[in-house]
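A.B. asks: start-v8.cif is reproduced below (mmCIF, C-alpha atoms).
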data_data
loop_
_atom_site.label_atom_id
_atom_site.label_comp_id
_atom_site.auth_asym_id
_atom_site.auth_seq_id
_atom_site.Cartn_x
_atom_site.Cartn_y
_atom_site.Cartn_z
CA ILE A 11 -155.59 28.17 1.48
CA ASN A 12 -153.41 31.25 1.17
CA ALA A 13 -155.97 33.35 3.02
CA LEU A 14 -155.94 30.90 5.93
CA ALA A 15 -152.14 30.77 5.87
CA LYS A 16 -151.92 34.56 6.01
CA LEU A 17 -154.25 34.66 9.02
CA LEU A 18 -152.22 32.03 10.81
CA GLU A 19 -148.99 33.86 10.04
CA THR A 20 -150.06 37.40 10.90
CA ALA A 21 -153.17 37.33 13.06
CA SER A 22 -153.36 34.00 14.87
CA ASP A 23 -154.17 35.74 18.15
CA ALA A 24 -157.13 37.58 16.63
CA PHE A 25 -159.35 34.58 15.93
CA SER A 26 -160.03 31.05 17.07
CA CYS A 27 -161.41 27.98 15.37
CA ASP A 28 -162.69 24.76 16.93
CA GLY A 29 -161.68 22.57 14.02
CA TYR A 30 -160.02 22.43 10.62
CA TYR A 31 -161.15 19.67 8.28
CA TYR A 32 -159.13 18.95 5.16
CA CYS A 33 -157.80 16.35 2.75
CA PHE A 34 -154.96 17.62 0.58
CA PRO A 35 -152.45 15.72 -1.55
CA SER A 36 -148.83 15.56 -0.46
CA ILE A 37 -146.28 18.18 -1.47
CA GLN A 38 -144.45 15.50 -3.46
CA TYR A 39 -147.58 14.64 -5.45
CA ILE A 40 -148.27 18.29 -6.26
CA GLU A 41 -144.64 18.84 -7.18
CA LYS A 42 -144.74 15.94 -9.62
CA TYR A 43 -147.96 16.73 -11.45
CA GLU A 44 -148.79 20.43 -10.94
CA ARG A 45 -145.62 22.18 -9.88
CA GLY A 46 -147.10 25.67 -10.17
CA SER A 47 -149.25 24.94 -7.11
CA THR A 48 -146.35 23.74 -4.95
CA PRO A 49 -145.88 27.07 -3.07
CA THR A 50 -149.53 27.10 -1.98
CA ILE A 51 -149.64 23.57 -0.64
CA THR A 52 -146.20 23.97 0.96
CA ARG A 53 -147.44 27.08 2.73
CA PHE A 54 -150.41 25.17 4.13
CA TYR A 55 -148.29 22.31 5.43
CA SER A 56 -145.76 24.70 6.96
CA ASN A 57 -148.59 26.26 9.00
CA LEU A 58 -150.20 22.95 9.92
CA PRO A 59 -148.27 22.57 13.21
CA LYS A 60 -149.99 25.74 14.48
CA ILE A 61 -153.40 24.09 14.20
CA ALA A 62 -152.42 20.45 14.70
CA ALA A 63 -154.40 20.12 17.93
CA CYS A 64 -157.69 20.75 16.14
CA ALA A 65 -156.90 19.65 12.56
CA HIS A 66 -158.69 16.64 11.12
CA THR A 67 -157.89 14.79 7.90
CA VAL A 68 -161.17 13.64 6.35
CA SER A 69 -161.88 10.55 4.27
CA THR A 70 -164.62 9.58 1.86
CA GLY A 71 -167.62 8.36 3.83
CA ASP A 72 -166.90 10.39 6.97
CA CYS A 73 -169.80 12.29 8.52
CA TYR A 74 -169.47 15.14 11.01
CA ARG A 75 -172.17 16.68 13.15
CA ILE A 76 -171.69 20.38 13.92
CA GLY A 77 -174.59 21.94 15.77
CA ALA A 78 -177.80 21.18 13.88
CA ALA A 79 -175.96 20.48 10.63
CA SER A 80 -174.35 17.30 9.39
CA PHE A 81 -171.54 17.18 6.83
CA GLU A 82 -170.94 14.07 4.72
CA ILE A 83 -167.67 13.64 2.83
CA LEU A 84 -168.75 12.28 -0.55
CA GLN A 85 -165.35 12.29 -2.23
CA THR A 86 -161.68 13.02 -1.61
CA TYR A 87 -158.73 12.96 -3.99
CA ASP A 88 -157.53 9.95 -5.95
CA ASP A 89 -153.75 9.82 -6.05
CA THR A 90 -153.79 7.92 -9.33
CA GLU A 91 -154.93 11.10 -11.11
CA THR A 92 -152.22 12.80 -13.14
CA TYR A 93 -154.14 15.62 -14.87
CA ASP A 94 -155.53 18.86 -13.43
CA ILE A 95 -154.81 17.36 -10.06
CA VAL A 96 -155.43 20.40 -7.86
CA ASN A 97 -159.00 20.81 -9.11
CA ASN A 98 -159.58 17.06 -9.26
CA SER A 99 -158.38 16.67 -5.66
CA THR A 100 -161.27 18.77 -4.33
CA THR A 101 -163.10 17.35 -1.33
CA VAL A 102 -166.82 17.15 -2.11
CA ILE A 103 -169.08 17.76 0.88
CA ARG A 104 -172.83 17.60 1.35
CA MET A 105 -174.39 19.50 4.22
CA THR A 106 -177.81 18.60 5.59
CA LEU A 107 -179.67 21.12 7.73
CA ASN A 108 -183.35 21.30 8.60
CA GLY A 109 -184.12 18.66 5.99
CA LYS A 110 -182.39 20.59 3.19
CA THR A 111 -179.24 19.43 1.39
CA VAL A 112 -176.43 21.62 0.07
CA LEU A 113 -173.75 20.06 -2.14
CA PHE A 114 -170.35 21.79 -2.24
CA LEU A 115 -168.42 20.80 -5.37
CA GLY A 116 -165.50 23.12 -4.71
CA ASP A 117 -163.24 23.14 -7.77
CA THR A 118 -164.17 19.62 -8.90
CA GLY A 119 -162.75 18.96 -12.36
CA ALA A 120 -164.09 16.76 -15.15
CA LYS A 121 -162.36 13.55 -14.05
CA ALA A 122 -163.31 13.98 -10.41
CA GLY A 123 -166.86 14.72 -11.52
CA ALA A 124 -166.98 11.46 -13.45
CA ARG A 125 -165.74 9.60 -10.34
CA LEU A 126 -168.44 11.29 -8.28
CA VAL A 127 -171.19 10.18 -10.66
CA ALA A 128 -169.81 6.65 -10.86
CA ALA A 129 -169.76 6.37 -7.07
CA HIS A 130 -173.07 8.04 -6.21
CA GLY A 131 -175.22 8.42 -9.34
CA GLU A 132 -178.70 9.72 -8.59
CA ALA A 133 -177.91 9.76 -4.86
CA LEU A 134 -176.19 13.09 -5.59
CA LYS A 135 -179.64 14.72 -5.76
CA SER A 136 -179.49 17.86 -3.60
CA ASP A 137 -181.61 20.94 -3.02
CA PHE A 138 -178.73 23.40 -3.39
CA CYS A 139 -175.46 23.11 -5.30
CA GLN A 140 -172.30 25.20 -5.29
CA THR A 141 -171.22 24.99 -8.91
CA ALA A 142 -167.80 23.52 -9.63
CA HIS A 143 -164.76 25.66 -10.45
CA HIS A 144 -166.65 28.98 -10.36
CA GLY A 145 -169.27 27.49 -12.68
CA GLN A 146 -167.07 26.80 -15.68
CA ASP A 147 -164.51 24.31 -16.99
CA GLY A 148 -165.10 22.02 -14.05
CA ALA A 149 -167.54 19.17 -13.45
CA GLU A 150 -169.42 18.28 -16.59
CA ARG A 151 -173.09 18.03 -17.57
CA GLU A 152 -173.77 14.58 -16.10
CA VAL A 153 -172.85 15.79 -12.61
CA TYR A 154 -175.49 18.52 -12.65
CA GLU A 155 -177.98 16.09 -14.20
CA MET A 156 -177.59 13.84 -11.16
CA ILE A 157 -177.72 16.72 -8.64
CA ARG A 158 -180.79 18.44 -10.12
CA ALA A 159 -180.61 21.32 -7.63
CA HIS A 160 -183.38 23.89 -7.54
CA THR A 161 -180.89 26.55 -6.38
CA CYS A 162 -177.27 27.09 -7.39
CA ILE A 163 -174.54 29.02 -5.59
CA TRP A 164 -171.83 30.57 -7.77
CA CYS A 165 -168.40 31.82 -6.62
CA THR A 166 -168.39 33.87 -9.80
CA PRO A 167 -167.59 37.52 -10.62
CA TYR A 168 -169.53 39.47 -13.25
CA TRP A 169 -167.06 38.97 -16.09
CA LEU A 170 -167.11 35.20 -15.63
CA TRP A 171 -170.87 35.01 -15.12
CA GLU A 172 -171.37 36.79 -18.44
CA ASN A 173 -168.31 35.33 -20.22
CA ASN A 174 -166.84 38.78 -20.75
CA LYS A 175 -163.75 38.74 -22.94
CA PHE A 176 -161.63 41.31 -21.11
CA TYR A 177 -162.54 40.47 -17.50
CA GLY A 178 -164.54 43.66 -17.37
CA SER A 179 -168.06 44.93 -16.90
CA ASP A 180 -168.92 46.17 -20.40
CA PRO A 181 -172.20 44.41 -21.32
CA ALA A 182 -171.31 44.80 -24.99
CA LEU A 183 -168.59 42.18 -24.46
CA ASN A 184 -170.78 39.65 -22.71
CA GLY A 185 -170.59 36.26 -24.38
CA THR A 186 -167.31 37.03 -26.15
CA GLY A 187 -164.87 35.26 -23.81
CA PRO A 188 -163.44 31.74 -23.77
CA PHE A 189 -165.23 30.62 -20.60
CA THR A 190 -168.00 28.01 -20.39
CA THR A 191 -170.15 29.62 -17.72
CA LEU A 192 -173.07 30.17 -20.05
CA GLU A 193 -173.06 26.47 -20.89
CA THR A 194 -173.15 25.53 -17.22
CA ARG A 195 -175.97 28.01 -16.64
CA ALA A 196 -177.94 26.29 -19.38
CA TRP A 197 -177.27 22.86 -17.88
CA VAL A 198 -178.48 23.70 -14.39
CA ALA A 199 -181.57 25.46 -15.76
CA LYS A 200 -182.38 22.37 -17.84
CA PHE A 201 -182.13 20.21 -14.74
CA GLY A 202 -184.46 22.30 -12.60
CA CYS A 203 -182.50 25.24 -11.20
CA THR A 204 -184.79 28.26 -10.79
CA ALA A 205 -182.66 30.46 -8.51
CA ASN A 206 -179.01 31.50 -8.60
CA TYR A 207 -176.97 33.18 -5.85
CA VAL A 208 -173.93 34.72 -7.55
CA ALA A 209 -170.88 36.32 -5.92
CA LYS A 210 -171.08 39.21 -8.40
CA ASP A 211 -174.16 40.40 -6.52
CA GLY A 212 -172.38 40.77 -3.19
CA ASP A 213 -173.08 39.10 0.14
CA GLN A 214 -176.33 37.16 0.27
CA ILE A 215 -178.08 35.02 2.88
CA ILE A 216 -179.85 31.73 2.27
CA GLU A 217 -182.01 30.63 5.18
CA LEU A 218 -182.55 26.89 5.56
#
So, in terms of structure tokens, how does the structure I just supplied come out?
C.D. replies:
Amino acid sequence: INALAKLLETASDAFSCDGYYYCFPSIQYIEKYERGSTPTITRFYSNLPKIAACAHTVSTGDCYRIGAASFEILQTYDDTETYDIVNNSTTVIRMTLNGKTVLFLGDTGAKAGARLVAAHGEALKSDFCQTAHHGQDGAEREVYEMIRAHTCIWCTPYWLWENNKFYGSDPALNGTGPFTTLETRAWVAKFGCTANYVAKDGDQIIEL
């Protein structure tokens, strides 16, 4: 969100976008339950007038067709949540292209993950899955059990991928940190994942 805000504030003439699709809680809701995130959401809403003509608020069940791809909104935030609300307000999207499905979990937290399973169950099955919250401390085991992706996409640096205690690259410290990435890696492998695309390895291309 901050990256988009910075572009809109400093370089709005240097790029164009046909549409912005979002579903964020109100500033008041964020202020009440996760005050530390108030500046970020306030910054987004302050820039919203600049893109109002092509901004779209999405809802659960919406489906958008963009070129050859379709995007289904599987879940948006629940304003009765009062814990970890920024992560649990993630919009979950499934893209379908050329007969392949890619599920984007964003930063989905444990409670939002439970809602997702309750609403969709085994219908969450997808070919590809972007793991929740960088692959750790997000959606729990049952979510990945329902998705059963053969390929996972990880927004995860080396230190998090290897659970490195000091956020570094020393292999001797792998597995010594407080993160749960290794647990998530074991879950997705158990449920059929045979390939992982990880941010630590740089830019990569997946052709569908």
A.B. asks: Could you state which residues are captured by the PyMOL selection byres ((chain A and resi 127) around 10) in this file, as a PyMOL selection string?
C.D. replies: chain A and resi 122-126+128-134+152-157
A.B. asks: Kindly give the distance, in Å, that separates CA of Thr90 in chain A and CA of Ala13 in chain A, rounded to a single decimal.
C.D. replies: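 If I compute the distance from CA of Thr90 in chain A to CA of Ala13 in chain A, I get 28.4 Å.
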A.B. asks: For Asp137 in chain A, work out the shell of residues within 10 Å, counting all atoms listed in the file and skipping chain neighbours fewer than 6 positions away, then give it as a PyMOL selection string.
C.D. replies: chain A and resi 106+109-113+157-162+203
A.B. asks: Report as a PyMOL selection string the full result of the PyMOL selection byres ((chain A and resi 26-28) around 7) when it is applied to this structure.
C.D. replies: chain A and resi 25+29+64
A.B. asks: Selected residues, C-alpha atoms, written as an mmCIF file, keeping the file's coordinate frame, please.
C.D. replies:
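The result, stored in selection.cif:
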data_model
loop_
_atom_site.group_PDB
_atom_site.id
_atom_site.type_symbol
_atom_site.label_atom_id
_atom_site.label_comp_id
_atom_site.auth_asym_id
_atom_site.auth_seq_id
_atom_site.Cartn_x
_atom_site.Cartn_y
_atom_site.Cartn_z
ATOM 1 C CA PHE A 25 -159.350 34.580 15.930
ATOM 2 C CA GLY A 29 -161.680 22.570 14.020
ATOM 3 C CA CYS A 64 -157.690 20.750 16.140
#
A.B. asks: Please write as a VMD selection string the full residue list that the PyMOL selection byres ((chain A and resi 70) around 6) yields on this file.
C.D. replies: chain A and resid 69 71 to 72 83 to 86
A.B. asks: With only C-alpha atoms as the basis for distance, which of A:Tyr87, A:Phe201, A:Tyr31, A:Trp171 is at the shortest distance from Val68 in chain A?
C.D. replies: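 Checking each candidate against Val68 in chain A, we get A:Tyr31 as the closest.
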A.B. asks: Suppose you want the space between CA of Ile95 in chain A and CA of Thr118 in chain A; what is it in Å?
C.D. replies: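 We find that CA of Ile95 in chain A and CA of Thr118 in chain A lie 9.7 Å from each other.
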A.B. asks: Between CA of Gly187 in chain A and CA of Glu150 in chain A, what is the spacing in Å?
C.D. replies: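 One can read the CA of Glu150 in chain A to CA of Gly187 in chain A distance as 19.0 Å.
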A.B. asks: Would you mind telling me which residue in A:Thr191, A:Asn108, A:Thr50, A:Gln214 lies nearest to Val96 in chain A when using all atoms listed in the file?
C.D. replies: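 Under the stated criterion, the closest residue is A:Thr50.
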